[in-house]
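*Asks:* The file below is target-v2.txt, compact mmCIF, C-alpha atoms and all ligand atoms:
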```
# COMPACT_ATOMS: atom_id res chain seq x y z
CA MET A 33 -0.64 85.80 86.09
CA LEU A 34 -3.78 85.05 84.11
CA ASP A 35 -4.47 81.85 86.05
CA LYS A 36 -4.05 83.73 89.32
CA PHE A 37 -6.50 86.41 88.14
CA VAL A 38 -9.04 83.74 87.12
CA MET A 39 -8.61 82.08 90.51
CA GLN A 40 -9.11 85.41 92.31
CA HIS A 41 -12.43 85.64 90.48
CA GLY A 42 -13.39 82.17 91.67
CA HIS A 43 -13.47 80.82 88.07
CA ARG A 44 -16.82 82.64 87.76
CA LYS A 45 -18.34 82.61 84.29
CA ASP A 46 -19.79 86.10 84.83
CA ALA A 47 -16.24 87.45 85.21
CA LEU A 48 -15.49 86.60 81.56
CA LEU A 49 -15.30 90.22 80.35
CA GLU A 50 -12.95 91.26 83.15
CA ILE A 51 -10.79 88.23 82.46
CA LEU A 52 -10.65 88.98 78.73
CA HIS A 53 -9.65 92.58 79.50
CA TYR A 54 -6.95 91.41 81.87
CA ALA A 55 -5.63 88.83 79.40
CA GLN A 56 -5.36 91.49 76.70
CA GLU A 57 -3.60 93.78 79.14
CA ILE A 58 -0.87 91.23 79.81
CA TYR A 59 -0.55 89.66 76.35
CA GLY A 60 -1.59 92.62 74.18
CA TYR A 61 -3.99 90.45 72.18
CA LEU A 62 -6.29 87.42 72.51
CA ASP A 63 -5.43 84.64 70.09
CA LYS A 64 -6.98 81.17 69.77
CA ASP A 65 -4.69 79.63 72.40
CA ILE A 66 -5.47 82.31 74.97
CA LEU A 67 -9.23 82.13 74.34
CA THR A 68 -9.17 78.34 74.58
CA HIS A 69 -7.25 78.54 77.84
CA ILE A 70 -9.81 80.99 79.25
CA SER A 71 -12.72 78.82 78.12
CA ASN A 72 -11.17 75.78 79.82
CA SER A 73 -10.46 77.76 82.99
CA LEU A 74 -14.07 78.99 83.22
CA ASN A 75 -15.59 75.77 81.90
CA LEU A 76 -17.32 77.73 79.14
CA PRO A 77 -17.67 76.63 75.50
CA THR A 78 -14.85 78.08 73.39
CA SER A 79 -17.47 79.33 70.92
CA HIS A 80 -19.03 81.45 73.68
CA VAL A 81 -15.69 82.97 74.74
CA TYR A 82 -14.77 83.60 71.11
CA GLY A 83 -18.21 85.15 70.49
CA VAL A 84 -17.78 87.60 73.36
CA ALA A 85 -14.23 88.49 72.31
CA THR A 86 -15.28 89.17 68.71
CA PHE A 87 -18.35 91.19 69.72
CA TYR A 88 -16.29 94.01 71.23
CA ASN A 89 -14.03 96.06 68.94
CA PHE A 90 -11.74 96.63 71.87
CA PHE A 91 -10.32 93.13 71.78
CA LYS A 92 -7.50 92.32 69.38
CA LEU A 93 -7.65 88.74 68.17
CA LYS A 94 -4.25 88.62 66.52
CA LYS A 95 -0.82 89.52 67.69
CA PRO A 96 -0.27 93.12 66.54
CA GLY A 97 2.86 94.35 64.78
CA SER A 98 5.75 95.78 66.77
CA HIS A 99 4.53 99.28 65.79
CA ILE A 100 0.90 100.32 65.70
CA VAL A 101 -0.83 103.18 63.94
CA THR A 102 -4.45 103.78 64.85
CA PHE A 103 -6.73 106.16 62.99
CA CYS A 104 -9.82 107.78 64.42
CA LEU A 105 -12.76 107.27 62.09
CA GLY A 106 -15.20 109.23 64.22
CA THR A 107 -17.37 111.83 62.51
CA ALA A 108 -15.09 114.86 63.00
CA CYS A 109 -12.01 112.99 61.78
CA PHE A 110 -13.93 111.53 58.87
CA VAL A 111 -15.20 114.96 57.80
CA LYS A 112 -11.65 116.37 58.08
CA GLY A 113 -10.30 113.76 55.69
CA VAL A 114 -8.81 110.94 57.74
CA GLU A 115 -9.81 108.48 55.03
CA GLU A 116 -7.28 110.04 52.67
CA ILE A 117 -4.53 109.60 55.26
CA ILE A 118 -5.45 105.97 55.89
CA THR A 119 -5.36 105.19 52.18
CA ALA A 120 -1.99 106.94 51.83
CA VAL A 121 -0.55 104.90 54.71
CA GLU A 122 -1.97 101.65 53.31
CA ASN A 123 -0.35 102.34 49.95
CA GLU A 124 2.94 103.61 51.34
CA PHE A 125 3.53 100.75 53.76
CA ASN A 126 1.72 97.94 51.95
CA VAL A 127 -0.65 97.11 54.80
CA LYS A 128 -4.44 97.19 54.94
CA ARG A 129 -6.48 98.64 57.80
CA GLY A 130 -7.20 96.06 60.46
CA GLU A 131 -4.13 94.07 59.43
CA THR A 132 -0.47 93.63 60.16
CA ARG A 133 2.24 93.98 57.51
CA ALA A 134 3.77 90.69 56.37
CA ASP A 135 7.05 91.42 58.20
CA GLY A 136 5.16 91.89 61.49
CA LYS A 137 6.51 95.40 61.99
CA LEU A 138 3.39 97.51 61.47
CA SER A 139 -0.32 97.19 62.21
CA VAL A 140 -3.02 99.63 61.16
CA PHE A 141 -6.10 99.87 63.32
CA ILE A 142 -9.24 101.96 63.26
CA THR A 143 -10.98 103.35 66.29
CA ARG A 144 -13.90 105.66 66.99
CA CYS A 145 -13.78 109.15 68.50
CA ILE A 146 -10.82 109.50 70.84
CA GLY A 147 -12.20 112.73 72.33
CA ALA A 148 -9.87 115.11 70.50
CA CYS A 149 -12.27 116.28 67.78
CA ALA A 150 -10.91 119.85 67.82
CA MET A 151 -7.61 118.44 66.54
CA ALA A 152 -9.21 116.29 63.81
CA PRO A 153 -8.10 114.41 61.86
CA ASN A 154 -6.24 112.34 64.45
CA ALA A 155 -3.85 109.45 64.16
CA ILE A 156 -1.99 107.63 66.93
CA VAL A 157 1.45 106.23 66.21
CA ASP A 158 2.83 104.04 69.00
CA ASN A 159 0.68 105.83 71.62
CA VAL A 160 1.62 109.33 70.39
CA VAL A 161 -1.42 111.29 69.21
CA ILE A 162 -0.91 113.30 66.03
CA GLY A 163 -3.56 115.99 65.74
CA LYS A 164 -4.36 117.91 62.55
CA ALA A 165 -2.69 115.04 60.78
CA THR A 166 -1.78 114.99 57.12
CA PRO A 167 -0.62 112.03 55.01
CA GLU A 168 2.93 113.46 54.95
CA ILE A 169 3.16 113.96 58.73
CA VAL A 170 1.80 110.49 59.54
CA ILE A 171 3.94 108.74 56.92
CA ASP A 172 7.08 110.53 58.19
CA LYS A 173 6.27 109.56 61.78
CA ILE A 174 5.71 105.92 60.83
CA ARG A 175 8.97 105.90 58.84
CA SER A 176 10.78 107.27 61.85
CA VAL A 177 9.42 104.63 64.29
CA LEU A 178 10.14 101.89 61.76
CA GLY A 179 13.62 103.27 61.16
CA GLU A 180 12.93 103.38 57.44
CA GLU A 181 14.38 105.96 55.08
CA LYS A 182 12.28 107.82 52.56
CA VAL A 183 12.84 106.41 49.08
CA GLU A 184 13.09 109.28 46.61
CA ALA A 185 11.68 108.72 43.13
CA ASN A 186 14.13 109.54 40.31
S1 LIG B 201 -13.98 112.09 65.84
FE1 LIG B 201 -11.85 111.78 65.91
S2 LIG B 201 -11.35 112.60 67.83
FE2 LIG B 201 -13.47 112.83 67.79
```
I need this file expressed as structure tokens, please.
*Replies:*
Amino acid sequence: MLDKFVMQHGHRKDALLEILHYAQEIYGYLDKDILTHISNSLNLPTSHVYGVATFYNFFKLKKPGSHIVTFCLGTACFVKGVEEIITAVENEFNVKRGETRADGKLSVFITRCIGACAMAPNAIVDNVVIGKATPEIVIDKIRSVLGEEKVEAN
């Protein structure tokens, strides 16, 4: 599919951004193999393709976990305490922002304003937006998508 798309764009170097977008759409991320393939297809240096892909936050350069939680770190969400929720999730699930948990089941990403400031702070768990989020609500939602039970302290 990617090769066909590149061909439809006549292997034009100036179509690089569109091609990167399309590749991410079909693979979900852009790893080294995909970027190298694109650079070969467009006859561009790999360093150039990698440079463009890393310049834009939109592109994911690693395969994400099977479940994804994204936090809005725009001004409204920041002011309403999203940082506290992110830290709680990092501690609860042993995964740092921008990374994927060792078992590959959960990734935590950060984005900027998602246009729902009135509902701040916002989190997105597997494409479901959680407005007026709290650490408890987000952690419960993540547990439910992961199929994990809450471990009660004795
Ligand atoms: S700042 Fe988070 S939705 Fe606008």
*Asks:* Using all atoms listed in the file, which of A:Asn126, A:Thr102, A:Asn154, A:Gln40 sits nearest ligand LIG 201 (chain B)?
*Replies:*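 Distance minimum relative to ligand LIG 201 (chain B) lands on A:Asn154.
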*Asks:* Please report as a Markdown table every residue of chain A lying within 9 Å of ligand LIG 201 (chain B), along with the nearest atom pair and their distance in Å (one decimal), using only C-alpha atoms and all ligand atoms.
*Replies:*
```
| residue | atom | partner | partner_atom | distance |
| --- | --- | --- | --- | --- |
| A:Phe103 | CA | B:LIG201 | FE1 | 8.1 |
| A:Cys104 | CA | B:LIG201 | FE1 | 4.7 |
| A:Leu105 | CA | B:LIG201 | FE1 | 6.0 |
| A:Gly106 | CA | B:LIG201 | S1 | 3.5 |
| A:Thr107 | CA | B:LIG201 | S1 | 4.8 |
| A:Ala108 | CA | B:LIG201 | S1 | 4.1 |
| A:Cys109 | CA | B:LIG201 | FE1 | 4.3 |
| A:Phe110 | CA | B:LIG201 | S1 | 7.0 |
| A:Val111 | CA | B:LIG201 | S1 | 8.6 |
| A:Val114 | CA | B:LIG201 | FE1 | 8.8 |
| A:Thr143 | CA | B:LIG201 | FE1 | 8.5 |
| A:Arg144 | CA | B:LIG201 | S1 | 6.5 |
| A:Cys145 | CA | B:LIG201 | FE2 | 3.8 |
| A:Ile146 | CA | B:LIG201 | S2 | 4.4 |
| A:Gly147 | CA | B:LIG201 | S2 | 4.6 |
| A:Ala148 | CA | B:LIG201 | S2 | 4.0 |
| A:Cys149 | CA | B:LIG201 | FE2 | 3.7 |
| A:Ala150 | CA | B:LIG201 | S2 | 7.3 |
| A:Met151 | CA | B:LIG201 | S2 | 7.1 |
| A:Ala152 | CA | B:LIG201 | FE1 | 5.6 |
| A:Pro153 | CA | B:LIG201 | FE1 | 6.1 |
| A:Asn154 | CA | B:LIG201 | FE1 | 5.8 |
| A:Ala155 | CA | B:LIG201 | FE1 | 8.5 |
| A:Gly163 | CA | B:LIG201 | S2 | 8.7 |
```
*Asks:* I'd like the box whose edges run along x, y and z of the file and which contains every listed atom of segment 85-99 of chain A, padded by 5 Å per side; could you state its centre and edge lengths in Å, one decimal, as AutoDock Vina command-line options?
*Replies:*
```
--center_x -6.3 --center_y 93.9 --center_z 68.5 --size_x 34.1 --size_y 20.8 --size_z 17.5
```
*Asks:* With a distance cut-off of 7 Å and all atoms listed in the file, select the neighbouring residues of segment 71-86 of chain A, excluding the residue or stretch itself and same-chain residues fewer than 5 positions from it, and output the selection as a list in words.
*Replies:*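 Counting only the stated atoms, we get His43, Arg44, Lys45 and Phe91 of chain A.
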*Asks:* In Å, with one decimal, what is the gap from atom CA of Val101 of chain A to atom CA of Val157 of chain A?
*Replies:*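 Answer for the atom CA of Val101 of chain A to atom CA of Val157 of chain A separation: 4.4 Å.
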*Asks:* To one decimal place in Å, what is the distance between atom CA of Glu116 of chain A and atom CA of Val170 of chain A?
*Replies:* 11.4 Å
*Asks:* What is the distance between atom CA of Ile142 of chain A and atom CA of Val160 of chain A, in Å to one decimal?
*Replies:*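 These two atoms are separated by 14.9 Å.
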*Asks:* A:Ile70, A:Ala134, A:Ile117, A:Met39: which is nearest His53 of chain A, counting all atoms listed in the file?
*Replies:*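 Using all atoms listed in the file, His53 of chain A sits closest to A:Ile70.
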